[in-house]
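K.L.:
I'd like to ask some things about the structure below.
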Number of protein chains: 2
Amino acid sequence: MVDDALAARARSLDEEHHDTDLRGRFRLPAGTTYLDGNSLGALPVGVAEAVADAVTRQWGNDLIASWNTADWWGASARVGDRIGALVGSAPGQVLVADSTSVNLFKVVVAAARMRPGRDILLTDGDSFPTDVHIAEGAARVAGLVVERVSPADAPARIAELGDRMALAAYSSVDYRTGELWDLPAITRAAHDVGALVCWDLCHSAGAMEVGLDGHDADFAVGCGYKYLNGGPGAPAFIHVAAQHISSFDQPLTGWNGHAEPFAMSPDYAPAPTIERARVGTPPVLGVLALEAALKAFDGVGMAGVRRRRSLALTGFFLECVDALVPGIVVASPRDDARRGSQVSLRHPHAYAVVQALIARRVIGDFREPDIIRLGFAPLYLTHADVLRAAEHLREVLGTREFARPEFSVRGAVT
Amino acid sequence: MVDDALAARARSLDEEHHDTDLRGRFRLPAGTTYLDGNSLGALPVGVAEAVADAVTRQWGNDLIASWNTADWWGASARVGDRIGALVGSAPGQVLVADSTSVNLFKVVVAAARMRPGRDILLTDGDSFPTDVHIAEGAARVAGLVVERVSPADAPARIAELGDRMALAAYSSVDYRTGELWDLPAITRAAHDVGALVCWDLCHSAGAMEVGLDGHDADFAVGCGYKYLNGGPGAPAFIHVAAQHISSFDQPLTGWNGHAEPFAMSPDYAPAPTIERARVGTPPVLGVLALEAALKAFDGVGMAGVRRRRSLALTGFFLECVDALVPGIVVASPRDDARRGSQVSLRHPHAYAVVQALIARRVIGDFREPDIIRLGFAPLYLTHADVLRAAEHLREVLGTREFARPEFSVRGAVT
């Protein structure tokens, strides 16, 4: 009865949001419900072909000439602009380069130089570890002190710290709970005391509107391989607001960031554009794979992606959980305005539960210490997938299937 | 007559060195003599297939599980070891990661921390610009002073500077002239005063024996896309000698370098292995393309690659130049012991000469201010190619073909 009602509801929601169902733009394995697109997005149609062309024709046949003829040289900024359009950053402010970690390092050191005499870097101790680690590593070379404060408490703490504040570096979405933090409020609080902000968009780019320019965000970083579907280890991106580019004095002064890379001058002069955030030769195959992957967003408005997919899918999953596994602890906010594109559940045997779900081809992931993390990539999941996942979860928990010994063997996960 | 003699000599050399002719392991376009493998190596057989498998099966079908099932997680160290074997570094000391520039930054800052109280970073002002730029950028955050000294003068200057010396960072081969610098002497001089050395192997890895361990080199960095043939923007590598790994305190403390990345601890503890040089998520497609490319070296000894290919090819090119274009200035050393795997020529119209050669499908590159740079990638070039290149050069110069207006139009080159 409950199942019939939920099935009818899934059909109705899929019909209602049919216009934004872009599953046909992805190559997903049959029989799999993939709820780990927040770790590694699925393979979009056209990427394999674009990569094959890059390898065989551009590299193999045209060789070195492709730096010009295939515009490998311009790809970092070109693909950056495409990502910029998804996160509300006007052209010329986003560059594809390096990893999220390396990009955050650039921002922290540059921000310290832009705010001399200020000594505090505020960040979230519960953020994804690389954010905290890089904050510490960069603060050490930049002469800053890292203070760890929850995003919820950040605005008040920023006001207290006043002109000691150099940079507030926060994730837009909590990687464990999926909580969507208050980007506008933290940004305003930082600006009110003359500080800068950097947003980690790893768990928001491609899943929701971010509105970097609208909220006057100074900097942002993020990866290309989650909701942007750029493939394993896809290059990351960095946003530097237009008004800061000329003062963005980043420490990784590689030749690709030079104003005239081919003048081969021994003296460094940073490019006047966002390309000053470049360091070494870009990972061309990865950049071109990401570019092809971003075509999955062609003609799609992020407002629709957010409301009709991300919120509809996660909201319906919460409905299903309430109906089918009513006892479980929901770690993610139920309020749409505070929820990213994932739903996390807490369970004392979370690791084994995730393994049991994977055995049933419902792919989610585990996060320490007790989180079942399910990501709802907006472009390629349906409400029917959502219901299927909840039904399997009910069976895994109801039958204690997770208690089978094989589901407790730990391996590396990502 | 001269041509006949050279043709006979080319045939004889190709026969003599036939065992090391690995052209069959590469997919080169017909009709092209490719002398720019020191900018972008040619496409090895098997790379397109390996990349297609990585995209379609590993990513598309197996999705997140491939971090374990395809051992994406171990690829950075696994491929590092393969490169280590080519440059004389025992397993466990080389990691594939980031770009050469980023890796050099890690080394400079770590070296400064390993040599507290010493303030000098010695480097070559005529080195490839990124080496100089990164040296300056890293020295700024590490509290070092960069002094620019030619590698030829480095041993004497190191002795003078004595215990002020923290790090000597040099290229093994000059990117412009192809001069092979004295790695053993500079390394010894640095060690004699208690300093560290870092070698940039961009223009030597894959072309010659380097002998990092044999010469007790502390650090090395290099790119994957020149003589290693890893493809455009292939990930770079970093070597940290075993005895330094536990004290290698590098500034880019990303989560991939953590001892337990999946413990998700907010406190950074570096991996006890070379993996502490990792930063963010590795560029998996690029790493796997490089791994497949390195199979071109399977079963090949670097001593043979050096003597029977690199030195034989460049030496024969010098013979050809002497016979066919006797007036031209040779910028590269004639002494085998002092020559890398390239021959550079100087000409007042070097840019146009290179363009005219390219129009004849002899691909080299131009380097400021007057260098015609011809790289002799050892695995896929023959002595017949060498002669063909010299013959075209004679025609381009003899007929002043280079003076055609279209050959002077500047575009970006790499």
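All residue names refer to the structure tokens as shown: chains lettered A, B, ... in order, residues numbered from 1 in each chain, ligands numbered from 1 in order.
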Within 7 Å of chain B, which residues belong to chain A? Use only C-alpha atoms and report them as a ChimeraX atom specification.
P.N.:
/A:27-29,40,42-43,48,52,55-56,59-61,63-64,68,98-102,125-126,129-130,132-134,137-138,141-142,231-235,251-255,263-268,279-286,368,412
K.L.:
Would you give me, as number ranges by chain, the residues in region 24-113 of chain A that DSSP reads as helix (DSSP H, G or I)?
P.N.:
A: 24-25, 47-61, 63-69, 72-87, 100-113
K.L.:
Which residues are near Arg306 (chain B)? Cut-off 8 Å, only C-alpha atoms, ignore same chain within fewer than 2 positions. Put them as a list in words.
P.N.:
Ala207, Met208, Glu209, Met302, Ala303, Gly304, Arg308, Arg309, Ser310, Leu311 and Pro378 of chain B
K.L.:
Export, as an mmCIF file, in the first residue's frame, the selected residues with C-alpha atoms.
P.N.:
data_model
loop_
_atom_site.group_PDB
_atom_site.id
_atom_site.type_symbol
_atom_site.label_atom_id
_atom_site.label_comp_id
_atom_site.auth_asym_id
_atom_site.auth_seq_id
_atom_site.Cartn_x
_atom_site.Cartn_y
_atom_site.Cartn_z
ATOM 1 C CA ALA B 207 66.206 10.393 -23.338
ATOM 2 C CA MET B 208 69.213 9.375 -21.266
ATOM 3 C CA GLU B 209 70.365 7.748 -18.100
ATOM 4 C CA MET B 302 68.384 3.604 -20.975
ATOM 5 C CA ALA B 303 72.095 3.138 -21.728
ATOM 6 C CA GLY B 304 71.153 1.875 -25.169
ATOM 7 C CA ARG B 308 72.400 4.123 -29.809
ATOM 8 C CA ARG B 309 69.606 6.620 -30.292
ATOM 9 C CA SER B 310 69.958 9.995 -28.585
ATOM 10 C CA LEU B 311 73.693 10.440 -29.162
ATOM 11 C CA PRO B 378 65.252 8.586 -29.141
#
K.L.:
With only C-alpha atoms as the counted atoms, please give the residues lying no more than 7 Å from region 84-86 of chain A, apart from itself and same-chain residues fewer than 3 positions off, as a JSON list (two decimals) with N, CA and C atoms, in the first residue's frame.
P.N.:
[["chain", "number", "residue", "atom", "x", "y", "z"],
["A", 80, "GLY", "N", 36.71, 27.34, -18.19],
["A", 80, "GLY", "CA", 36.42, 28.11, -16.98],
["A", 80, "GLY", "C", 35.17, 28.95, -17.14],
["A", 81, "ASP", "N", 35.05, 29.62, -18.28],
["A", 81, "ASP", "CA", 33.85, 30.44, -18.52],
["A", 81, "ASP", "C", 32.58, 29.59, -18.52],
["A", 89, "SER", "N", 29.13, 33.26, -12.27],
["A", 89, "SER", "CA", 30.34, 34.09, -12.38],
["A", 89, "SER", "C", 30.47, 34.53, -13.84],
["A", 90, "ALA", "N", 30.51, 35.83, -14.06],
["A", 90, "ALA", "CA", 30.58, 36.36, -15.43],
["A", 90, "ALA", "C", 31.89, 35.93, -16.10],
["A", 91, "PRO", "N", 31.90, 35.92, -17.42],
["A", 91, "PRO", "CA", 33.11, 35.48, -18.14],
["A", 91, "PRO", "C", 34.36, 36.23, -17.70],
["A", 94, "VAL", "N", 36.73, 32.80, -14.13],
["A", 94, "VAL", "CA", 36.93, 31.41, -13.72],
["A", 94, "VAL", "C", 37.95, 30.74, -14.65],
["A", 205, "ALA", "N", 28.61, 23.22, -7.21],
["A", 205, "ALA", "CA", 28.71, 23.52, -8.64],
["A", 205, "ALA", "C", 28.07, 22.40, -9.46],
["A", 206, "GLY", "N", 27.12, 22.75, -10.28],
["A", 206, "GLY", "CA", 26.45, 21.78, -11.13],
["A", 206, "GLY", "C", 25.19, 21.20, -10.52],
["A", 209, "GLU", "N", 22.09, 26.76, -8.17],
["A", 209, "GLU", "CA", 22.60, 28.10, -8.45],
["A", 209, "GLU", "C", 23.50, 28.51, -7.30],
["A", 302, "MET", "N", 20.10, 26.66, -14.31],
["A", 302, "MET", "CA", 20.42, 26.08, -13.00],
["A", 302, "MET", "C", 19.27, 26.22, -12.01]]
K.L.:
Record the distance separating CA of Asp153 (chain B) and CA of Arg338 (chain B), expressed in Å with one decimal.
P.N.:
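Pair CA of Asp153 (chain B) / CA of Arg338 (chain B) returns 15.1 Å.
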K.L.:
Have a look at B:Ala217, B:Ala166, B:Ala337, B:Leu212 and name the one nearest to Gly194 (chain B); count only C-alpha atoms.
P.N.:
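Checking each of B:Ala217, B:Ala166, B:Ala337, B:Leu212 against Gly194 (chain B), counting only C-alpha atoms, the winner is B:Ala166.
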K.L.:
Between CA of Asp119 (chain A) and CA of Val146 (chain A), what distance in Å does the model show, to one decimal?
P.N.:
8.5 Å
K.L.:
Would you kindly return, as a PDB file with N, CA, C and O atoms, in the first residue's frame, each protein, DNA or RNA residue with an atom no farther than 8 Å from any atom of Ala111 (chain A), considering only C-alpha atoms and excluding same-chain residues fewer than 5 positions away?
P.N.:
ATOM      1  N   ALA A 166      41.371  38.290   7.810  1.00  0.00           N
ATOM      2  CA  ALA A 166      41.886  38.386   6.439  1.00  0.00           C
ATOM      3  C   ALA A 166      40.960  37.663   5.476  1.00  0.00           C
ATOM      4  O   ALA A 166      40.518  38.218   4.471  1.00  0.00           O
ATOM      5  N   LEU A 167      40.653  36.414   5.784  1.00  0.00           N
ATOM      6  CA  LEU A 167      39.897  35.571   4.842  1.00  0.00           C
ATOM      7  C   LEU A 167      39.000  34.607   5.610  1.00  0.00           C
ATOM      8  O   LEU A 167      39.428  34.008   6.603  1.00  0.00           O
ATOM      9  N   LEU A 196      38.027  39.166   3.102  1.00  0.00           N
ATOM     10  CA  LEU A 196      37.701  38.475   1.857  1.00  0.00           C
ATOM     11  C   LEU A 196      37.077  37.115   2.169  1.00  0.00           C
ATOM     12  O   LEU A 196      37.253  36.586   3.268  1.00  0.00           O
ATOM     13  N   PHE A 248      45.597  39.954  -7.523  1.00  0.00           N
ATOM     14  CA  PHE A 248      45.680  38.543  -7.129  1.00  0.00           C
ATOM     15  C   PHE A 248      47.123  38.074  -7.310  1.00  0.00           C
ATOM     16  O   PHE A 248      47.538  37.658  -8.388  1.00  0.00           O
TER      17      PHE A 248
END
K.L.:
Hey, what does DSSP flag as strand (DSSP E) within region 163-390 of chain B? Can you give it to me as a VMD selection string?
P.N.:
chain B and resid 165 to 171 196 to 200 219 to 222 237 to 240 329 to 330 342 to 346 362 to 363 365 to 367 371 to 375
K.L.:
I need the chosen residues saved as a short mmCIF file (atom, residue, chain, number, x, y, z; two decimals), in the first residue's frame, with N, CA and C atoms.
P.N.:
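Generated output (result29.cif):
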data_model
loop_
_atom_site.label_atom_id
_atom_site.label_comp_id
_atom_site.auth_asym_id
_atom_site.auth_seq_id
_atom_site.Cartn_x
_atom_site.Cartn_y
_atom_site.Cartn_z
N MET B 165 74.17 28.23 1.74
CA MET B 165 73.47 27.49 0.68
C MET B 165 72.39 26.56 1.25
N ALA B 166 71.15 26.78 0.84
CA ALA B 166 70.07 25.85 1.20
C ALA B 166 69.84 24.84 0.08
N LEU B 167 69.65 25.34 -1.13
CA LEU B 167 69.26 24.47 -2.24
C LEU B 167 69.86 24.98 -3.55
N ALA B 168 70.37 24.06 -4.33
CA ALA B 168 70.74 24.36 -5.72
C ALA B 168 69.71 23.67 -6.61
N ALA B 169 69.02 24.44 -7.43
CA ALA B 169 67.95 23.89 -8.29
C ALA B 169 68.31 24.16 -9.74
N TYR B 170 68.65 23.11 -10.45
CA TYR B 170 69.14 23.26 -11.83
C TYR B 170 68.43 22.30 -12.77
N SER B 171 68.44 22.68 -14.04
CA SER B 171 67.97 21.77 -15.08
C SER B 171 69.12 20.88 -15.49
N LEU B 196 71.25 21.05 -0.31
CA LEU B 196 70.46 20.08 -1.07
C LEU B 196 70.43 20.47 -2.54
N VAL B 197 70.10 19.48 -3.39
CA VAL B 197 69.97 19.78 -4.82
C VAL B 197 68.65 19.26 -5.36
N CYS B 198 68.13 20.00 -6.33
CA CYS B 198 66.95 19.54 -7.07
C CYS B 198 67.25 19.65 -8.55
N TRP B 199 67.00 18.57 -9.27
CA TRP B 199 67.23 18.54 -10.71
C TRP B 199 65.93 18.54 -11.48
N ASP B 200 65.83 19.44 -12.45
CA ASP B 200 64.70 19.46 -13.36
C ASP B 200 65.07 18.54 -14.53
N PHE B 219 66.53 15.67 -4.74
CA PHE B 219 65.20 15.86 -5.31
C PHE B 219 65.31 15.97 -6.84
N ALA B 220 64.21 15.67 -7.48
CA ALA B 220 64.12 15.93 -8.92
C ALA B 220 62.65 16.15 -9.26
N VAL B 221 62.44 16.89 -10.32
CA VAL B 221 61.09 17.09 -10.86
C VAL B 221 61.19 16.96 -12.37
N GLY B 222 60.07 16.77 -13.02
CA GLY B 222 60.10 16.71 -14.47
C GLY B 222 58.71 16.48 -15.01
N PHE B 237 56.28 14.56 -12.50
CA PHE B 237 56.75 13.67 -11.44
C PHE B 237 57.66 14.42 -10.48
N ILE B 238 57.83 13.82 -9.33
CA ILE B 238 58.71 14.37 -8.30
C ILE B 238 59.45 13.20 -7.67
N HIS B 239 60.75 13.39 -7.50
CA HIS B 239 61.60 12.39 -6.82
C HIS B 239 62.08 12.99 -5.50
N VAL B 240 61.88 12.25 -4.43
CA VAL B 240 62.44 12.61 -3.13
C VAL B 240 63.26 11.41 -2.68
N VAL B 329 75.38 28.51 -37.31
CA VAL B 329 75.94 28.47 -35.96
C VAL B 329 75.26 27.36 -35.16
N VAL B 330 76.06 26.44 -34.67
CA VAL B 330 75.53 25.36 -33.84
C VAL B 330 75.61 25.80 -32.38
N GLN B 342 69.01 17.07 -28.08
CA GLN B 342 68.54 18.05 -29.06
C GLN B 342 69.74 18.75 -29.69
N VAL B 343 69.49 19.34 -30.86
CA VAL B 343 70.50 20.19 -31.48
C VAL B 343 69.82 21.52 -31.80
N SER B 344 70.41 22.57 -31.28
CA SER B 344 69.88 23.91 -31.54
C SER B 344 70.84 24.66 -32.44
N LEU B 345 70.24 25.39 -33.36
CA LEU B 345 71.01 26.19 -34.31
C LEU B 345 70.59 27.64 -34.14
N ARG B 346 71.51 28.52 -34.38
CA ARG B 346 71.17 29.95 -34.30
C ARG B 346 71.06 30.53 -35.71
N VAL B 362 58.63 19.20 -41.55
CA VAL B 362 59.73 18.93 -40.62
C VAL B 362 59.46 19.81 -39.40
N ILE B 363 59.00 19.16 -38.31
CA ILE B 363 58.45 19.92 -37.18
C ILE B 363 59.51 20.10 -36.10
N ASP B 365 60.93 23.53 -33.24
CA ASP B 365 60.35 24.75 -32.70
C ASP B 365 61.37 25.86 -32.56
N PHE B 366 60.83 27.03 -32.33
CA PHE B 366 61.62 28.25 -32.21
C PHE B 366 61.69 28.63 -30.74
N ARG B 367 62.85 29.09 -30.33
CA ARG B 367 62.97 29.64 -28.99
C ARG B 367 63.68 30.97 -29.08
N ILE B 371 66.81 30.89 -31.84
CA ILE B 371 67.11 29.46 -31.78
C ILE B 371 66.14 28.63 -32.62
N ILE B 372 66.73 27.82 -33.51
CA ILE B 372 65.99 26.75 -34.19
C ILE B 372 66.24 25.51 -33.35
N ARG B 373 65.22 25.02 -32.68
CA ARG B 373 65.42 23.93 -31.72
C ARG B 373 64.87 22.64 -32.29
N LEU B 374 65.73 21.67 -32.43
CA LEU B 374 65.33 20.38 -33.00
C LEU B 374 65.59 19.28 -31.97
N GLY B 375 64.52 18.63 -31.59
CA GLY B 375 64.63 17.58 -30.57
C GLY B 375 64.68 16.21 -31.23
#
K.L.:
Have a look at A:Asp182, A:Glu391, A:Asp21, A:Glu15 and name the one nearest to Ala323 (chain A); count only C-alpha atoms.
P.N.:
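Nearest to Ala323 (chain A): A:Glu391.
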K.L.:
Ranking B:His383, B:Ala356, B:Ala77, B:Arg25 by minimum distance to Glu401 (chain B) and counting only C-alpha atoms, which one comes first?
P.N.:
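Nearest to Glu401 (chain B): B:Ala356.
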K.L.:
Tell me which of B:Asp335, B:Gly88, B:Arg360, B:Ala390 sits closest to Asp322 (chain B), counting only C-alpha atoms.
P.N.:
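Of all the options, B:Ala390 lies closest to Asp322 (chain B).
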K.L.:
Identify which of the residues A:Ala377, A:Leu313, A:Val396, A:Ile83 lies closest to Asp14 (chain A), counting only C-alpha atoms when measuring atom-to-atom distances.
P.N.:
A:Leu313
K.L.:
Which one is closest to Thr187 (chain B): B:Arg410, B:Pro155, B:Leu161, B:Val210? Count only C-alpha atoms.
P.N.:
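Nearest to Thr187 (chain B): B:Pro155.
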K.L.:
List the spatial neighbours of Leu393 (chain B) as a PyMOL selection string - criterion: any atom at most 10 Å away, only C-alpha atoms, same-chain residues fewer than 5 positions off excluded.
P.N.:
chain B and resi 321+324-325+353-354+356-357+360+362+387-388+398+401-402
K.L.:
In Å, how far is it from CA of Arg164 (chain A) to CA of Ala190 (chain A)?
P.N.:
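It comes out at 10.9 Å.
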K.L.:
Would you pick out the contacts of Arg78 (chain A) at 9 Å or less, using only C-alpha atoms, so that residues sharing its chain but fewer than 4 positions from it are not included, and give the list as a PyMOL selection string?
P.N.:
chain A and resi 74+82+91-92+94-96+291
K.L.:
Please produce a file of the residues just selected, as a tab-separated table (two decimals), in the first residue's frame, where the atoms kept are N, CA, C and O atoms.
P.N.:
chain	number	residue	atom	x	y	z
A	74	GLY	N	43.98	27.98	-25.10
A	74	GLY	CA	42.87	28.75	-24.53
A	74	GLY	C	41.87	27.94	-23.73
A	74	GLY	O	40.90	28.48	-23.19
A	82	ARG	N	32.69	28.37	-19.06
A	82	ARG	CA	31.51	27.50	-19.10
A	82	ARG	C	31.07	27.15	-17.68
A	82	ARG	O	29.88	27.12	-17.37
A	91	PRO	N	31.90	35.92	-17.42
A	91	PRO	CA	33.11	35.48	-18.14
A	91	PRO	C	34.36	36.23	-17.70
A	91	PRO	O	34.31	37.40	-17.31
A	92	GLY	N	35.48	35.51	-17.75
A	92	GLY	CA	36.77	36.11	-17.43
A	92	GLY	C	37.18	36.00	-15.98
A	92	GLY	O	38.22	36.52	-15.59
A	94	VAL	N	36.73	32.80	-14.13
A	94	VAL	CA	36.93	31.41	-13.72
A	94	VAL	C	37.95	30.74	-14.65
A	94	VAL	O	37.91	30.92	-15.87
A	95	LEU	N	38.85	29.99	-14.04
A	95	LEU	CA	39.88	29.27	-14.78
A	95	LEU	C	39.85	27.82	-14.33
A	95	LEU	O	39.70	27.53	-13.15
A	96	VAL	N	40.03	26.91	-15.30
A	96	VAL	CA	40.18	25.50	-14.96
A	96	VAL	C	41.67	25.22	-14.80
A	96	VAL	O	42.46	25.52	-15.70
A	291	GLU	N	35.38	19.64	-20.65
A	291	GLU	CA	34.63	20.49	-21.58
A	291	GLU	C	33.51	19.71	-22.26
A	291	GLU	O	32.37	20.18	-22.36
